[in-house]
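Notes to accompany the following structure.
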Number of protein chains: 2
Amino acid sequence: MSDLIRQFHIADPFWKRYEDLLTDVVIPYQEAALRDQIPDAEKSHSIENFKMAADVMARGAEPGEYYGMVFQDSDLAKWIEAAAYSLVNTPDADLEARLDEVITTVQEAQYPDGYLNTYFTLKRPDKKWTNLREAHELYCAGHMIEAAVAYYEATGKRTLLDVMCRMADHIYDHFIVQQMPGYPGHPEIELALMRLYRATGNEKYLELAAHFINVRGVDPDYFIKENETNGWCVWSKDAGDVAYMQAHQPVRDMKVATGHAVRAVYLFTGMADLAATTGDQSLVEACRRLWDNIANKQMYITGGIGSTVHGEAFTKDYDLPNATAYAETCASIGLMFFARKMLDLEPKGNYADVMERALYNTVLAGMQLDGKRFFYVNPLEVIPGISGEVPGYRHALPQRPKWYGCACCPPNVTRTIASIAKYAWGVQDTTVYAHLFLGGSLDLTKELGARISVQTKYPYEGSVIYELDGAPVTLAVRIPEWSHHTKMVVDGVPMVVRPKDGYQYVKGASRVELYLDMEPRRYYADPLVTADSGMVAVQRGPLVYCAEGVDNEEDIFSLRLPADGAIQVQEMTKELCGTVKLIADGYSLQTDGSLYSTTRPKLRPTQIVMVPYYTWANRGLNKMRVWLPEL
Amino acid sequence: MSDLIRQFHIADPFWKRYEDLLTDVVIPYQEAALRDQIPDAEKSHSIENFKMAADVMARGAEPGEYYGMVFQDSDLAKWIEAAAYSLVNTPDADLEARLDEVITTVQEAQYPDGYLNTYFTLKRPDKKWTNLREAHELYCAGHMIEAAVAYYEATGKRTLLDVMCRMADHIYDHFIVQQMPGYPGHPEIELALMRLYRATGNEKYLELAAHFINVRGVDPDYFIKENETNGWCVWSKDAGDVAYMQAHQPVRDMKVATGHAVRAVYLFTGMADLAATTGDQSLVEACRRLWDNIANKQMYITGGIGSTVHGEAFTKDYDLPNATAYAETCASIGLMFFARKMLDLEPKGNYADVMERALYNTVLAGMQLDGKRFFYVNPLEVIPGISGEVPGYRHALPQRPKWYGCACCPPNVTRTIASIAKYAWGVQDTTVYAHLFLGGSLDLTKELGARISVQTKYPYEGSVIYELDGAPVTLAVRIPEWSHHTKMVVDGVPMVVRPKDGYQYVKGASRVELYLDMEPRRYYADPLVTADSGMVAVQRGPLVYCAEGVDNEEDIFSLRLPADGAIQVQEMTKELCGTVKLIADGYSLQTDGSLYSTTRPKLRPTQIVMVPYYTWANRGLNKMRVWLPEL
């Protein structure tokens with residue numbers, strides 16, 4: 001699948017801007033952050049930790065002082081992965097040299113037996129594998145495995161891949177050969193081992209991934225027992241609620257998504273990948289159930305998941321508060337992972353619809369348009385003075401910080417955008433799936449003898465023109481759920497659009513014109529979502545819109561959107577890096593200033609200006625609201 | 001003022017039921033709770049703590065094991081106060097004998113120097129007065145002073161009054177004579193000393209009350225310094241945010257209500273009482289500002305205050321979420337205290353409007369209709385499965401528990417209801433203020449040579465008939481803000497209602513007929529209250545209504561209330577102890593079951609049944625909602 005990154009060259013205005021931004025700004029910026037060179041930002045120390053660990057392992061130095069979260073290694077790993085993708089389409093000898101240097105450091109930090117983790121090397125060399133609940137060793141290994149596979153596939157260089165194969169072999173020895181009990185408190189290794197298995201063909205890694213998935217939750221007290229006997233902790237000696245770690249029951253018994261949202265979707269991604277690879281039906285069923293629960297009961301309209309700050313977690317069905325939403329950027333990225341693996345399992349449009357919803361709204365909102373600031377938390381309503389300040393809302397920052405003490409999200413956004421082709425396309429036999437709509441050219445000469453070029457200004461315009469050369473293939477074009485009146489013209493002839501499971505299959509054509517319905521639409525939440533009672537959200541194409549104070553005389557909480565008013569689509573402008581605003585006929589309330597009044601507020605006609613959610617908080621401190629009261 | 005409890009005999013159906021319930025059920029039930037005799041309820045141990053302390057002080061025993069919160073003494077104090085009020089109108093020799101016995105125990109628990117507090121006697125005899133921030137010594141003293149004054153005024157017996165005068169003298173000696181620094185972390189002593197001053201005429205108590213108010217916040221670091229040097233803590237060695245304790249600035253500089261809501265309104269009550277007594281204008285101004293901030297920016301429509309569970313505190317203006325509301329019962333009781341003192345300061349209807357709003361909604365909701373279960377937290381929306389369970393909502397229980405580990409609210413409701421006459425009436429020179437509308441007879445023969453009898457079925461019917469005998473007085477009848485079309489007939493002649501500051505003054509009449517406007521009314525919140533955007537609440541008379549699942553096919557989150565539909569008033573029934581339901585023409589949404597849908601839900605006409613908020617959660621586990629989306 002990851003060949004797609006090499007095979008697809010992005011050439012549309014929306015994604016080309018992101019590709020250039022990553023190369024020119026984000027990847028260098030994040031490298032600087034990892035090297036602690038960003039003024040007034042939280043320190044990372046991630047590269048420094050590896051250097052000190054290398055000094056210990058390769059040069060016999062005394063351990064220097066580790067700094068950062070227990071999983072700080074993973075920040076570097078995600079950045080290496082992102083930089084690797086970037087090298088594919090934008091070769092950069094300097095960047096590659098710096099990557100080789102940092103990879104040498106990682107290599108030097110490895111134990112002779114393959115073990116690799118700077119927290120343990122520097123702080124707790126005697127405690128390896130004793131605190132799977134908190135210590136994130138397998139999580140960090142997973143991320144570095146992903147980096148290793150990406151760098152190998154990008155450059156053909158094996159150094160990091162060999163390092164991580166040795167680490168994976170070490171893990172295999174510990175958990176399979178020596179039969180030590182346990183599984184990761186934070187899933188990630190499972191999906192990484194699946195990638196390593198595919199990159200190397202080594203069945204051990206498939207076996208190890210399956211092992212971690214299969215033993216999980218079989219003894220629901222595993223983490224409690226480990227905690228009672230291991231004699232140390234990272235944060236707390238209270239093992240707490242094991243459902244937080246999805247360790248409360250065997251994965252095949254799970255019916256609803258619970259606990260820490262990122263852990264959950266990383267786990268489900270590994271499960272879906274394993275299920276797609278092995279055909280394990282009980283696992284397939286579990287994946288479908290869990291998907292259904294998330295997508296149909298626990299997801300914000302922005303594709304955000306994990307609604308509470310308490311444990312960054314899923315709560316209960318339909319509990320989706322707006323101003324106190326957590327909706328971690330990483331969780332929506334994980335939802336994309338899960339969706340993409342479900343598409344490999346069975347190409348159904350709903351998976352891609354949700355993947356697109358998460359991508360174009362929460363994931364992109366995770367990064368400022370200039371590429372230098374990042375959201376961890378993605379609320380759907382922001383009240384300056386309350387958001388980010390008042391207890392219960394403190395996590396919901398109204399503006400993006402430069403970096404985080406816990407910086408999982410920024411490099412995660414980067415690696416996801418840098419590998420967007422993986423999500424956009426799928427190839428199964430001679431069928432090419434267009435899951436997402438990106439302009440550019442897809443070179444499948446080697447596999448299918450075919451090339452596909454795509455012209456589009458998506459997500460702002462709805463026409464997507466596919467030109468196919470070479471050997472005939474079946475093009476499976478996703479018809480999004482939001483496009484109610486989709487038109488297609490195939491080789492000059494209009495065709496009736498009758499999608500099967502969300503995809504229109506077109507065989508052997510040389511030109512496929514897709515015209516999506518870009519009419520702005522009102523969305524209504526299920527009445528059980530009490531936070532959205534009486535409210536309406538506006539979406540155009542894949543973009544959920546929001547009202548910001550700066551466009552609306554700072555008075556967005558007085559706005560009312562009538563059920564039948566017109567919504568005009570502004571031309572694409574230079575504003576907000578080339579966005580389309582929506583202008584809705586609406587009303588603003590005129591009130592008497594009482595806290596509670598028996599006088600129904602008078603309505604003053606006004607124009608409600610809305611911008612795409614992913615562009616919010618790019619113009620200073622602002623009120624923001626996705627769901628507007630309907631009139 | 002408290003003579004009013006003796007002077008007023010309740011005889012209307014609503015309050016007579018409460019009076020009987022207190023006598024027959026609540027006071028015995030709470031006594032049993034304090035004696036740890038309620039099965040499956042949280043233990044109190046409050047009386048047992050006093051017995052053990054008496055054994056130490058009077059019989060030289062070794063200290064037994066203290067149990068409960070550091071302020072457990074105050075639970076007994078509030079119950080003694082409530083029982084004292086109850087004895088006035090319902091003499092009960094057995095109850096009085098048991099009270100005398102428990103008062104003897106309290107007396108025996110006192111140190112020879114006057115000090116009294118069982119936590120310190122049993123647990124920390126060497127640490128007295130060293131942790132004013134957390135240890136609640138002055139708070140507990142305040143409550144026992146209130147109990148002492150009440151019991152003295154009810155029975156003429158001086159034992160407890162003398163005990164608490166000795167304690168007050170001890171406090172005076174410590175803080176005034178010896179000039180020890182400090183003031184209470186939890187205000188209460190101030191308002192109590194004002195009562196003790198009035199009961200005894202001893203100016204020292206006025207001076208001491210003024211001292212605690214005047215020194216408060218002058219050194220905003222006082223609690224931080226105390227905490228650094230005292231060498232112990234009850235909960236935390238982090239002194240935290242001193243605004244939580246209203247210690248961040250001198251009281252006269254305060255502009256907004258901050259911190260723990262109960263502490264705030266207890267403090268403001270003491271301030272208002274002192275200001276009314278001394279005429280201190282800077283204090284008057286501070287009280288007016290703080291009142292204005294609470295009543296016009298930080299209060300739920302139910303009269304609940306302190307919107308967050310974090311510190312049981314005020315947050316920022318207009319932050320009034322419904323399902324996660326804290327709105328502690330005690331805080332609304334404190335708001336009644338504050339309102340009542342402001343009325344003594346200046347008789348303006350707004351104070352009484354808010355007092356009534358708090359009383360008939362949040363305060364009464366604090367107790368189950370059967371008198372045996374109690375709410376501490378009073379949300380405005382309840383979602384079974386989420387409320388009381390999901391992090392962020394755990395405090396918002398959907399049903400009343402039998403008792404609490406921290407049981408401040410149950411006996412606080414009891415003493416408030418038991419002394420309702422204090423709030424209902426006010427006498428200033430020859431003017432008798434009818435702040436609230438209670439039926440019964442007020443005997444002012446001694447003071448004014450006058451008697452007033454009142455006939456009403458308020459709050460369910462709007463007619464209130466006053467008959468005045470004896471010497472002529474001015475009857476000042478409050479005209480509530482919600483009564484838009486009020487009629488009055490004076491001695492058979494209709495009069496034009498032209499209230500001055502919310503009161504209609506009627507001089508020398510012998511019969512005053514008041515006909516309040518009981519039309520159900522829709523209320524709209526200020527648009528800045530984002531939680532209520534697009535929502536409407538219904539109120540009739542002083543009662544805010546809510547929809548419960550049991551009356552509405554369990555589907556209240558689908559209900560929509562049109563702006564112009566009829567709302568019928570049901571006849572008073574036996575249900576919910578004689579309530580009036582409202583039946584509104586409305587709609588229920590018919591949806592397709594999608595989490596998000598572009599199809600606007602279809603509307604099915606339905607009848608929305610609403611019950612008074614104070615009666616909610618009396619019929620099992622139920623959805624509940626005060627604010628309904630308007631259509």
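If you're wondering about the labels, chains in the structure tokens are A, B, ... by order shown, residues count from 1 in each chain, ligands from 1 in order shown.
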Counting only C-alpha atoms, collect the residues of chain A whose closest atom lies at most 7 Å from chain B, and write them out as a PyMOL selection string.
chain A and resi 296-297+310+315-316+386+390-391+521-528+530+533-534+557-558+593-598+600+629+631
List every residue of range 284-359 of chain A that DSSP, applied to the backbone of this structure, places in helix (DSSP H, G or I), and write the result as an NGL selection string.
:A and (284-297 or 329-345 or 349-359)
Could you state the separation of CA of Thr23 in chain A and CA of Ile417 in chain A in Å, given to one decimal place?
11.2 Å
Can you pull out the residues contacting Asp551 in chain B? Cut-off 8 Å, using only C-alpha atoms, and skip same-chain residues under 3 positions away; I want them as number ranges by chain.
B: 547-548, 554, 609-610
Please provide the set of residues having any atom within 10 Å of Asp585 in chain A, restricted to only C-alpha atoms, with same-chain residues fewer than 5 positions apart removed, written as a compact mmCIF listing (two decimals) with C-alpha atoms, in the first residue's frame.
```txt
# COMPACT_ATOMS: atom_id res chain seq x y z
CA ARG A 560 -29.74 32.00 14.32
CA LEU A 561 -29.81 30.04 11.08
CA PRO A 562 -33.28 29.64 9.57
CA ASP A 564 -34.97 27.54 4.76
CA GLY A 565 -32.64 30.50 4.21
CA ALA A 566 -30.26 30.70 1.28
CA ILE A 567 -26.59 29.87 1.73
CA GLN A 568 -24.36 31.54 -0.83
CA PRO A 605 -31.72 39.94 9.57
CA THR A 606 -28.03 39.40 9.07
CA GLN A 607 -25.58 37.48 6.94
CA ILE A 608 -23.86 34.68 8.74
CA VAL A 609 -20.34 34.20 7.45
```
Please return, as an MDAnalysis selection string, all residues of range 202-446 of chain A that DSSP assigns to strand (DSSP E) on the basis of the backbone.
chainID A and resid 381:382 425:428 431:434 440:444
For the residues in the current selection, export C-alpha atoms as a PDB file, in the first residue's frame.
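What landed in result-v1.pdb:
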```pdb
ATOM      1  CA  GLU A 381     -17.344  25.720  20.238  1.00  0.00           C
ATOM      2  CA  VAL A 382     -14.971  28.267  21.674  1.00  0.00           C
ATOM      3  CA  TRP A 425      -5.956   5.362  -3.244  1.00  0.00           C
ATOM      4  CA  GLY A 426      -6.336   1.637  -3.065  1.00  0.00           C
ATOM      5  CA  VAL A 427      -5.400  -1.058  -5.546  1.00  0.00           C
ATOM      6  CA  GLN A 428      -6.970  -4.490  -5.483  1.00  0.00           C
ATOM      7  CA  THR A 431      -9.358  -2.301  -9.580  1.00  0.00           C
ATOM      8  CA  VAL A 432      -8.105   1.121  -8.560  1.00  0.00           C
ATOM      9  CA  TYR A 433     -10.077   2.670  -5.724  1.00  0.00           C
ATOM     10  CA  ALA A 434     -10.349   6.434  -5.527  1.00  0.00           C
ATOM     11  CA  GLY A 440      -2.199  14.602  -9.605  1.00  0.00           C
ATOM     12  CA  SER A 441      -0.923  11.524 -11.348  1.00  0.00           C
ATOM     13  CA  LEU A 442      -0.887   7.915 -10.251  1.00  0.00           C
ATOM     14  CA  ASP A 443       1.700   5.748 -11.954  1.00  0.00           C
ATOM     15  CA  LEU A 444       0.715   2.091 -11.829  1.00  0.00           C
TER      16      LEU A 444
END
```
Between CA of Gly303 in chain A and CA of Gln570 in chain A, what is the distance in Å, rounded to a tenth?
24.6 Å
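Distance-wise, CA of Val106 in chain A and CA of Asn230 in chain A end up 27.8 Å apart.
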